[in-house]
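Q: Below you'll find the structure I mean.
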Amino acid sequence: MANPIESLPRVALAALPTPLQPLKRLSAALGGPEIWVKRDDLTGAGGGGNKVRKLEFLLADALAQKADVVVTGGAIQSNHVRQTAALCGALGLACEGVLNEPLPGRGPEYTVSGNVFLTRLADATVHVIPNTADTAEYMKRVAQGSRAAGKRPYVMPVGGSTPLGAVGYANAAMELCEQMDDFDTIVLATGSGGTQAGLLGGLALEGSEARVLGFSVGAPLERQRGKVLDILLGLAELLGVEVPEDAVIVDDQSVGPGYGVPTPEVKEALAMAASLEGLYLDPVYTGKSMAGLIRHARAGRFRAGEKVVFLHTGGLPGLFGYATELSAGAKKR
Ligand SMILES: Cc1ncc(COP(=O)(O)O)c(C=O)c1O
């Protein structure tokens with residue numbers, strides 16, 4: 001069967017394939033599944049991370065529509081906005097990022113360091129709005145303003161999670177199947193839902209029966225499943241595949257008090273990945289999915305020898321927004 005992804009416009013931005021590496025010391029410490037990591041933190045462009053794969057298709061669409069400015073949004077420490085800003089710069093497009101202020105209680109570096117700093121460095125125009133404001137509504141207003149100024153805006157939803165963006169992860173699933181043909185489960189952090197939907201679409205294209213286990217980073221279980229399903233519906237149509245609804249598996253037990261709030265389990269996951277494998281995770285996304293993987297392994301929820309691929313979706317810059325908070329209580333010599 002012809003690969004339907006090949007007929008879609010795409011700009012080559014990512015350094016692919018990303019490495020697939022065994023996590024032997026972590027696997028031994030957990031004494032259960034055989035854990036591997038798919039290094040999508042190393043997609044290269046814009047500091048790396050999962051959004052680069054989505055942006056290959058979304059920015060090709062923006063260019064096809066002759067857009068000259070991309071409007072998108074997220075939280076103040078948004079990896080998506082940082083990657084979009086950087087890749088827009090590389091393609092000669094302007095970028096307007098709408099960023100929600102954090103809830104009170106974050107350290108002083110949260111609003112200036114990490115992703116927001118890198119977004120500004122890539123010369124994006126940053127609009128900081130209150131946490132309670134409607135990001136999509138504000139993005140619409142920014143687009144209206146730029147239209148009124150004679151520009152051609154392209155509005156990209158939060159997280160780049162549209163069926164077209166998710167195609168980037170269908171492609172990633174196919175890449176993974178090329179690298180390893182007998183993995184059982186992919187573990188990932190699921191937020192706006194496009195990454196999980198994309199993986200499911202790609203596995204369906206491959207005829208693979210591997211499981212995709214998404215750890216929610218904020219939304220309760222049914223709401224998160226709904227987000228993934230919505231995107232999957234459009235993606236399945238785009239790719240001409242069928243994916244059963246029960247393939248969307250979400251666990252919301254790593255969320256803790258809410259989006260962007262690290263729990264003790266997340267701190268342990270960050271420390272285990274760094275000290276056992278030299279692998280840096282972030283407290284908002286990959287820390288939560290690794291905390292979930294560790295919890296499932298300890299509870300015997302993976303078979304002995306089950307091949308589990310942990311998708312490292314990036315996010316390292318966000319760690320620096322938490323330096324004060326996460327250093328409290330750290331080991332001193
Ligand atoms: C580092 C990282 N991991 C995972 C995700 C979740 O991906 P998605 O929004 O496609 O569910 C994001 C989204 O912003 C992210 O920045």
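Labeling convention for the structure tokens: chains A, B, ... as they appear, residues from 1 per chain, ligands from 1 in order of appearance.
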Can you tell me which residues surround region 264-279 of chain A at a distance of at most 8 Å, considering only C-alpha atoms, apart from same-chain residues fewer than 5 positions away, and format the answer as number ranges by chain?

A: A: 23, 25-26, 254, 287-288, 290-291, 294, 326

Q: List the neighbours of Ala189 (chain A) out to 10 Å using only C-alpha atoms; skip same-chain residues closer than 5 positions along the sequence, and give me the result as a PyMOL selection string.

A: chain A and resi 195-196+213-218+250-251+254+284-290+292+310-313

Q: Please write the residues from the selection above to a file, keeping C-alpha atoms, as a PDB file, in the first residue's frame.

A:
```pdb
ATOM      1  CA  THR A 195       1.308  13.026  19.636  1.00  0.00           C
ATOM      2  CA  GLN A 196      -0.701  10.097  21.001  1.00  0.00           C
ATOM      3  CA  LEU A 213      -0.036   4.298  26.904  1.00  0.00           C
ATOM      4  CA  GLY A 214      -0.481   8.027  27.412  1.00  0.00           C
ATOM      5  CA  PHE A 215       0.109   9.624  30.796  1.00  0.00           C
ATOM      6  CA  SER A 216      -1.994  12.754  31.074  1.00  0.00           C
ATOM      7  CA  VAL A 217      -0.075  15.862  32.111  1.00  0.00           C
ATOM      8  CA  GLY A 218      -3.148  17.812  33.238  1.00  0.00           C
ATOM      9  CA  VAL A 250      -4.830   7.131  29.123  1.00  0.00           C
ATOM     10  CA  ASP A 251      -3.698   7.087  32.757  1.00  0.00           C
ATOM     11  CA  SER A 254       0.600  11.094  37.477  1.00  0.00           C
ATOM     12  CA  VAL A 284       5.859  19.143  33.107  1.00  0.00           C
ATOM     13  CA  TYR A 285       5.736  16.325  30.525  1.00  0.00           C
ATOM     14  CA  THR A 286       8.397  13.638  30.412  1.00  0.00           C
ATOM     15  CA  GLY A 287       8.825  13.664  34.216  1.00  0.00           C
ATOM     16  CA  LYS A 288       5.145  12.804  34.545  1.00  0.00           C
ATOM     17  CA  SER A 289       5.237  10.049  31.928  1.00  0.00           C
ATOM     18  CA  MET A 290       8.383   8.547  33.453  1.00  0.00           C
ATOM     19  CA  GLY A 292       3.854   6.769  35.383  1.00  0.00           C
ATOM     20  CA  PHE A 310       9.602   5.521  26.437  1.00  0.00           C
ATOM     21  CA  LEU A 311       9.058   8.398  24.001  1.00  0.00           C
ATOM     22  CA  HIS A 312      11.284  11.277  25.140  1.00  0.00           C
ATOM     23  CA  THR A 313       9.342  14.232  23.785  1.00  0.00           C
TER      24      THR A 313
END
```

Q: Residues at most 12 Å from Ala297 (chain A), counting only C-alpha atoms, excluding those fewer than 6 positions away in the same chain, as number ranges by chain?

A: A: 26-35, 187, 290-291, 303-308

Q: Please produce a file of those selected residues containing N, CA and C atoms, as an mmCIF file, in the first residue's frame.

A:
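Once everything was written out, this is again-v6.cif:
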```cif
data_model
loop_
_atom_site.group_PDB
_atom_site.id
_atom_site.type_symbol
_atom_site.label_atom_id
_atom_site.label_comp_id
_atom_site.auth_asym_id
_atom_site.auth_seq_id
_atom_site.Cartn_x
_atom_site.Cartn_y
_atom_site.Cartn_z
ATOM 1 N N LEU A 26 18.133 1.512 34.127
ATOM 2 C CA LEU A 26 16.774 1.780 34.620
ATOM 3 C C LEU A 26 15.961 0.481 34.603
ATOM 4 N N SER A 27 16.109 -0.298 33.517
ATOM 5 C CA SER A 27 15.386 -1.579 33.433
ATOM 6 C C SER A 27 15.778 -2.475 34.606
ATOM 7 N N ALA A 28 17.085 -2.517 34.914
ATOM 8 C CA ALA A 28 17.550 -3.372 36.016
ATOM 9 C C ALA A 28 17.012 -2.858 37.351
ATOM 10 N N ALA A 29 17.014 -1.533 37.526
ATOM 11 C CA ALA A 29 16.547 -0.966 38.802
ATOM 12 C C ALA A 29 15.067 -1.264 39.022
ATOM 13 N N LEU A 30 14.299 -1.338 37.932
ATOM 14 C CA LEU A 30 12.861 -1.579 38.082
ATOM 15 C C LEU A 30 12.531 -3.063 38.023
ATOM 16 N N GLY A 31 13.502 -3.857 37.537
ATOM 17 C CA GLY A 31 13.368 -5.316 37.585
ATOM 18 C C GLY A 31 12.153 -5.876 36.867
ATOM 19 N N GLY A 32 11.746 -5.279 35.785
ATOM 20 C CA GLY A 32 10.565 -5.799 35.098
ATOM 21 C C GLY A 32 10.697 -5.696 33.603
ATOM 22 N N PRO A 33 10.087 -4.682 33.033
ATOM 23 C CA PRO A 33 10.107 -4.580 31.575
ATOM 24 C C PRO A 33 11.488 -4.215 31.038
ATOM 25 N N GLU A 34 11.659 -4.467 29.724
ATOM 26 C CA GLU A 34 12.888 -4.036 29.033
ATOM 27 C C GLU A 34 12.575 -2.645 28.473
ATOM 28 N N ILE A 35 13.241 -1.636 29.019
ATOM 29 C CA ILE A 35 12.869 -0.263 28.674
ATOM 30 C C ILE A 35 13.857 0.319 27.656
ATOM 31 N N VAL A 187 5.228 4.400 25.717
ATOM 32 C CA VAL A 187 4.795 5.243 26.839
ATOM 33 C C VAL A 187 5.120 6.685 26.492
ATOM 34 N N MET A 290 7.432 9.491 32.851
ATOM 35 C CA MET A 290 8.383 8.547 33.453
ATOM 36 C C MET A 290 7.899 8.136 34.847
ATOM 37 N N ALA A 291 7.310 9.071 35.592
ATOM 38 C CA ALA A 291 6.755 8.704 36.910
ATOM 39 C C ALA A 291 5.685 7.627 36.720
ATOM 40 N N ARG A 303 4.437 -6.936 31.709
ATOM 41 C CA ARG A 303 4.925 -8.313 31.792
ATOM 42 C C ARG A 303 6.436 -8.304 31.986
ATOM 43 N N ALA A 304 6.998 -9.336 32.600
ATOM 44 C CA ALA A 304 8.457 -9.453 32.658
ATOM 45 C C ALA A 304 8.956 -9.547 31.215
ATOM 46 N N GLY A 305 9.946 -8.743 30.893
ATOM 47 C CA GLY A 305 10.509 -8.794 29.538
ATOM 48 C C GLY A 305 9.706 -8.025 28.498
ATOM 49 N N GLU A 306 8.589 -7.418 28.908
ATOM 50 C CA GLU A 306 7.811 -6.603 27.954
ATOM 51 C C GLU A 306 8.709 -5.486 27.414
ATOM 52 N N LYS A 307 8.637 -5.272 26.096
ATOM 53 C CA LYS A 307 9.479 -4.219 25.511
ATOM 54 C C LYS A 307 8.708 -2.903 25.507
ATOM 55 N N VAL A 308 9.170 -1.997 26.335
ATOM 56 C CA VAL A 308 8.491 -0.717 26.516
ATOM 57 C C VAL A 308 9.371 0.392 25.944
#
```

Q: For the structure I just gave you, how does DSSP split region 54-299 of chain A - specifically, which residues are strand (DSSP E or B)? Reply as a PyMOL selection string.

A: chain A and resi 69-75+94-100+125-129+153-155+185-190+211-216+249-251

Q: Can you write out the residues you just picked, keeping C-alpha atoms, as a PDB file, in the first residue's frame?

A:
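The result, written out as part18.pdb:
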```pdb
ATOM      1  CA  VAL A  69       3.090  35.214  10.212  1.00  0.00           C
ATOM      2  CA  VAL A  70       2.218  32.229  12.428  1.00  0.00           C
ATOM      3  CA  VAL A  71       0.055  32.813  15.491  1.00  0.00           C
ATOM      4  CA  THR A  72       0.109  30.142  18.180  1.00  0.00           C
ATOM      5  CA  GLY A  73      -0.110  29.792  21.949  1.00  0.00           C
ATOM      6  CA  GLY A  74       0.502  27.835  25.120  1.00  0.00           C
ATOM      7  CA  ALA A  75       1.634  28.166  28.707  1.00  0.00           C
ATOM      8  CA  ALA A  94       7.213  35.949  11.693  1.00  0.00           C
ATOM      9  CA  CYS A  95       5.748  34.376  14.845  1.00  0.00           C
ATOM     10  CA  GLU A  96       3.317  35.699  17.471  1.00  0.00           C
ATOM     11  CA  GLY A  97       3.134  33.625  20.653  1.00  0.00           C
ATOM     12  CA  VAL A  98       0.243  33.975  23.097  1.00  0.00           C
ATOM     13  CA  LEU A  99       1.437  32.751  26.494  1.00  0.00           C
ATOM     14  CA  ASN A 100      -0.628  32.194  29.646  1.00  0.00           C
ATOM     15  CA  THR A 125       6.399  38.659  19.493  1.00  0.00           C
ATOM     16  CA  VAL A 126       5.222  37.476  22.903  1.00  0.00           C
ATOM     17  CA  HIS A 127       1.770  38.328  24.301  1.00  0.00           C
ATOM     18  CA  VAL A 128       1.494  37.373  27.970  1.00  0.00           C
ATOM     19  CA  ILE A 129      -2.145  36.945  29.038  1.00  0.00           C
ATOM     20  CA  PRO A 153      -1.611  35.085   9.486  1.00  0.00           C
ATOM     21  CA  TYR A 154      -1.719  31.309   9.915  1.00  0.00           C
ATOM     22  CA  VAL A 155      -3.361  30.317  13.199  1.00  0.00           C
ATOM     23  CA  THR A 185       4.160  -0.628  24.360  1.00  0.00           C
ATOM     24  CA  ILE A 186       4.958   3.036  23.743  1.00  0.00           C
ATOM     25  CA  VAL A 187       4.795   5.243  26.839  1.00  0.00           C
ATOM     26  CA  LEU A 188       4.423   8.996  26.426  1.00  0.00           C
ATOM     27  CA  ALA A 189       3.199  12.219  28.001  1.00  0.00           C
ATOM     28  CA  THR A 190      -0.109  13.347  26.530  1.00  0.00           C
ATOM     29  CA  ARG A 211      -0.128  -0.501  22.757  1.00  0.00           C
ATOM     30  CA  VAL A 212       0.184   3.260  23.252  1.00  0.00           C
ATOM     31  CA  LEU A 213      -0.036   4.298  26.904  1.00  0.00           C
ATOM     32  CA  GLY A 214      -0.481   8.027  27.412  1.00  0.00           C
ATOM     33  CA  PHE A 215       0.109   9.624  30.796  1.00  0.00           C
ATOM     34  CA  SER A 216      -1.994  12.754  31.074  1.00  0.00           C
ATOM     35  CA  ILE A 249      -5.387   4.338  26.611  1.00  0.00           C
ATOM     36  CA  VAL A 250      -4.830   7.131  29.123  1.00  0.00           C
ATOM     37  CA  ASP A 251      -3.698   7.087  32.757  1.00  0.00           C
TER      38      ASP A 251
END
```

Q: Please indicate the distance in Å from CA of Gln77 (chain A) to CA of Gly44 (chain A), rounded to one decimal place.

A: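 Separation between CA of Gln77 (chain A) and CA of Gly44 (chain A): 19.0 Å.
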
Q: How many Å separate CA of Ala15 (chain A) from CA of Ala45 (chain A)?

A: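 CA of Ala15 (chain A) sits 7.4 Å away from CA of Ala45 (chain A).
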
Q: Would you please give, as a PyMOL selection string, all residues of region 194-284 of chain A that DSSP assigns to alpha helix (DSSP H) based on the backbone?

A: chain A and resi 194-206+221-239+264-277

Q: Please produce an output containing N, CA and C atoms for each residue in the selection, written as a CSV table (one decimal), in the first residue's frame.

A:
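Result written to part-v7.csv:
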```
chain,number,residue,atom,x,y,z
A,194,GLY,N,-2.2,15.4,20.2
A,194,GLY,CA,-1.8,15.1,18.9
A,194,GLY,C,-0.7,14.0,18.7
A,195,THR,N,0.2,14.0,19.7
A,195,THR,CA,1.3,13.0,19.6
A,195,THR,C,0.7,11.6,19.8
A,196,GLN,N,-0.1,11.4,20.8
A,196,GLN,CA,-0.7,10.1,21.0
A,196,GLN,C,-1.6,9.7,19.8
A,197,ALA,N,-2.4,10.6,19.3
A,197,ALA,CA,-3.2,10.3,18.2
A,197,ALA,C,-2.4,9.9,17.0
A,198,GLY,N,-1.3,10.7,16.7
A,198,GLY,CA,-0.4,10.4,15.6
A,198,GLY,C,0.2,9.0,15.7
A,199,LEU,N,0.7,8.7,16.9
A,199,LEU,CA,1.3,7.3,17.0
A,199,LEU,C,0.3,6.2,16.7
A,200,LEU,N,-0.9,6.4,17.2
A,200,LEU,CA,-2.0,5.4,16.9
A,200,LEU,C,-2.2,5.3,15.4
A,201,GLY,N,-2.3,6.4,14.7
A,201,GLY,CA,-2.5,6.4,13.3
A,201,GLY,C,-1.4,5.7,12.5
A,202,GLY,N,-0.1,6.0,13.0
A,202,GLY,CA,1.0,5.3,12.3
A,202,GLY,C,1.1,3.8,12.5
A,203,LEU,N,0.8,3.4,13.8
A,203,LEU,CA,0.8,2.0,14.1
A,203,LEU,C,-0.3,1.3,13.2
A,204,ALA,N,-1.5,1.9,13.0
A,204,ALA,CA,-2.5,1.3,12.2
A,204,ALA,C,-2.0,1.2,10.8
A,205,LEU,N,-1.3,2.2,10.3
A,205,LEU,CA,-0.7,2.1,8.9
A,205,LEU,C,0.2,0.9,8.8
A,206,GLU,N,0.9,0.7,9.9
A,206,GLU,CA,1.9,-0.5,9.9
A,206,GLU,C,1.3,-1.8,10.2
A,221,LEU,N,-8.9,11.8,33.1
A,221,LEU,CA,-8.9,10.7,32.1
A,221,LEU,C,-9.8,10.8,30.9
A,222,GLU,N,-11.1,11.0,31.2
A,222,GLU,CA,-12.1,11.0,30.1
A,222,GLU,C,-11.9,12.2,29.2
A,223,ARG,N,-11.5,13.4,29.8
A,223,ARG,CA,-11.3,14.6,29.0
A,223,ARG,C,-10.1,14.4,28.1
A,224,GLN,N,-9.1,13.8,28.7
A,224,GLN,CA,-7.8,13.6,27.9
A,224,GLN,C,-8.1,12.6,26.7
A,225,ARG,N,-8.8,11.5,27.0
A,225,ARG,CA,-9.2,10.5,26.0
A,225,ARG,C,-10.0,11.2,24.9
A,226,GLY,N,-10.9,12.1,25.3
A,226,GLY,CA,-11.7,12.9,24.3
A,226,GLY,C,-10.8,13.7,23.4
A,227,LYS,N,-9.8,14.4,24.0
A,227,LYS,CA,-8.9,15.2,23.1
A,227,LYS,C,-8.2,14.4,22.1
A,228,VAL,N,-7.7,13.2,22.5
A,228,VAL,CA,-6.9,12.3,21.6
A,228,VAL,C,-7.9,11.8,20.5
A,229,LEU,N,-9.1,11.4,21.0
A,229,LEU,CA,-10.0,10.8,20.0
A,229,LEU,C,-10.4,11.8,18.9
A,230,ASP,N,-10.7,13.0,19.4
A,230,ASP,CA,-11.1,14.1,18.4
A,230,ASP,C,-10.0,14.2,17.3
A,231,ILE,N,-8.8,14.2,17.6
A,231,ILE,CA,-7.7,14.4,16.6
A,231,ILE,C,-7.6,13.1,15.8
A,232,LEU,N,-7.7,12.0,16.5
A,232,LEU,CA,-7.6,10.7,15.8
A,232,LEU,C,-8.6,10.5,14.7
A,233,LEU,N,-9.8,11.0,15.0
A,233,LEU,CA,-10.9,10.9,14.0
A,233,LEU,C,-10.5,11.5,12.7
A,234,GLY,N,-10.0,12.8,12.8
A,234,GLY,CA,-9.6,13.5,11.6
A,234,GLY,C,-8.4,12.8,10.9
A,235,LEU,N,-7.5,12.4,11.8
A,235,LEU,CA,-6.2,11.8,11.3
A,235,LEU,C,-6.5,10.5,10.5
A,236,ALA,N,-7.4,9.7,11.1
A,236,ALA,CA,-7.8,8.4,10.5
A,236,ALA,C,-8.3,8.6,9.1
A,237,GLU,N,-9.1,9.7,9.0
A,237,GLU,CA,-9.7,10.0,7.7
A,237,GLU,C,-8.6,10.4,6.7
A,238,LEU,N,-7.7,11.2,7.2
A,238,LEU,CA,-6.6,11.7,6.4
A,238,LEU,C,-5.7,10.6,5.9
A,239,LEU,N,-5.5,9.6,6.7
A,239,LEU,CA,-4.6,8.5,6.4
A,239,LEU,C,-5.3,7.3,5.8
A,264,PRO,N,6.2,14.6,44.2
A,264,PRO,CA,7.4,13.9,44.6
A,264,PRO,C,7.8,12.7,43.7
A,265,GLU,N,6.8,12.1,43.0
A,265,GLU,CA,7.1,11.0,42.1
A,265,GLU,C,7.8,11.5,40.8
A,266,VAL,N,7.4,12.8,40.4
A,266,VAL,CA,8.1,13.4,39.3
A,266,VAL,C,9.5,13.7,39.6
A,267,LYS,N,9.7,14.2,40.8
A,267,LYS,CA,11.1,14.5,41.2
A,267,LYS,C,11.9,13.3,41.3
A,268,GLU,N,11.4,12.2,41.8
A,268,GLU,CA,12.1,10.9,41.8
A,268,GLU,C,12.4,10.4,40.3
A,269,ALA,N,11.4,10.6,39.4
A,269,ALA,CA,11.6,10.2,38.1
A,269,ALA,C,12.7,11.0,37.4
A,270,LEU,N,12.8,12.3,37.6
A,270,LEU,CA,13.8,13.1,37.1
A,270,LEU,C,15.2,12.7,37.6
A,271,ALA,N,15.2,12.4,38.9
A,271,ALA,CA,16.5,12.0,39.5
A,271,ALA,C,17.0,10.6,39.0
A,272,MET,N,16.0,9.7,38.9
A,272,MET,CA,16.4,8.3,38.4
A,272,MET,C,16.9,8.3,37.0
A,273,ALA,N,16.2,9.1,36.1
A,273,ALA,CA,16.6,9.1,34.7
A,273,ALA,C,18.0,9.8,34.6
A,274,ALA,N,18.2,10.8,35.3
A,274,ALA,CA,19.5,11.5,35.2
A,274,ALA,C,20.6,10.7,35.8
A,275,SER,N,20.4,10.1,37.0
A,275,SER,CA,21.5,9.4,37.7
A,275,SER,C,21.8,8.0,37.1
A,276,LEU,N,20.7,7.3,36.6
A,276,LEU,CA,20.9,6.0,36.1
A,276,LEU,C,21.3,5.9,34.6
A,277,GLU,N,20.8,6.9,33.9
A,277,GLU,CA,21.0,6.9,32.4
A,277,GLU,C,21.5,8.1,31.8
```

Q: Closest to Met180 (chain A) among A:Asn3, A:Leu281, A:Pro19, A:Gly165, using only C-alpha atoms?

A: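 Checking each of A:Asn3, A:Leu281, A:Pro19, A:Gly165 against Met180 (chain A), counting only C-alpha atoms, the winner is A:Pro19.
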
Q: Considering only C-alpha atoms and all ligand atoms, state which residue in the set A:Gln83, A:Ser161, A:Thr18, A:Thr132 is at the smallest distance from ligand 1.

A: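 Counting only C-alpha atoms and all ligand atoms, the residue closest to ligand 1 is A:Ser161.
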
Q: Of the residues A:Gly193, A:Ala90, A:Leu58, A:Gln21, which is the one nearest to Asp40 (chain A), using only C-alpha atoms?

A: A:Gln21

Q: Give me the residues near region 116-119 of chain A as a list in words, where near means some atom within 9 Å (using only C-alpha atoms) and where sequence neighbours in that chain fewer than 5 positions away do not count.

A: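 The filter keeps Gly46, Gly47, Ile76, Gln77, Ser78, Asn79, Val81, Arg82, Gln83, Thr84, Ala85, Ala86, Gly97, Leu99, Tyr110, Thr111, Ala124, Thr125, Val126, Pro317 and Gly318 of chain A.
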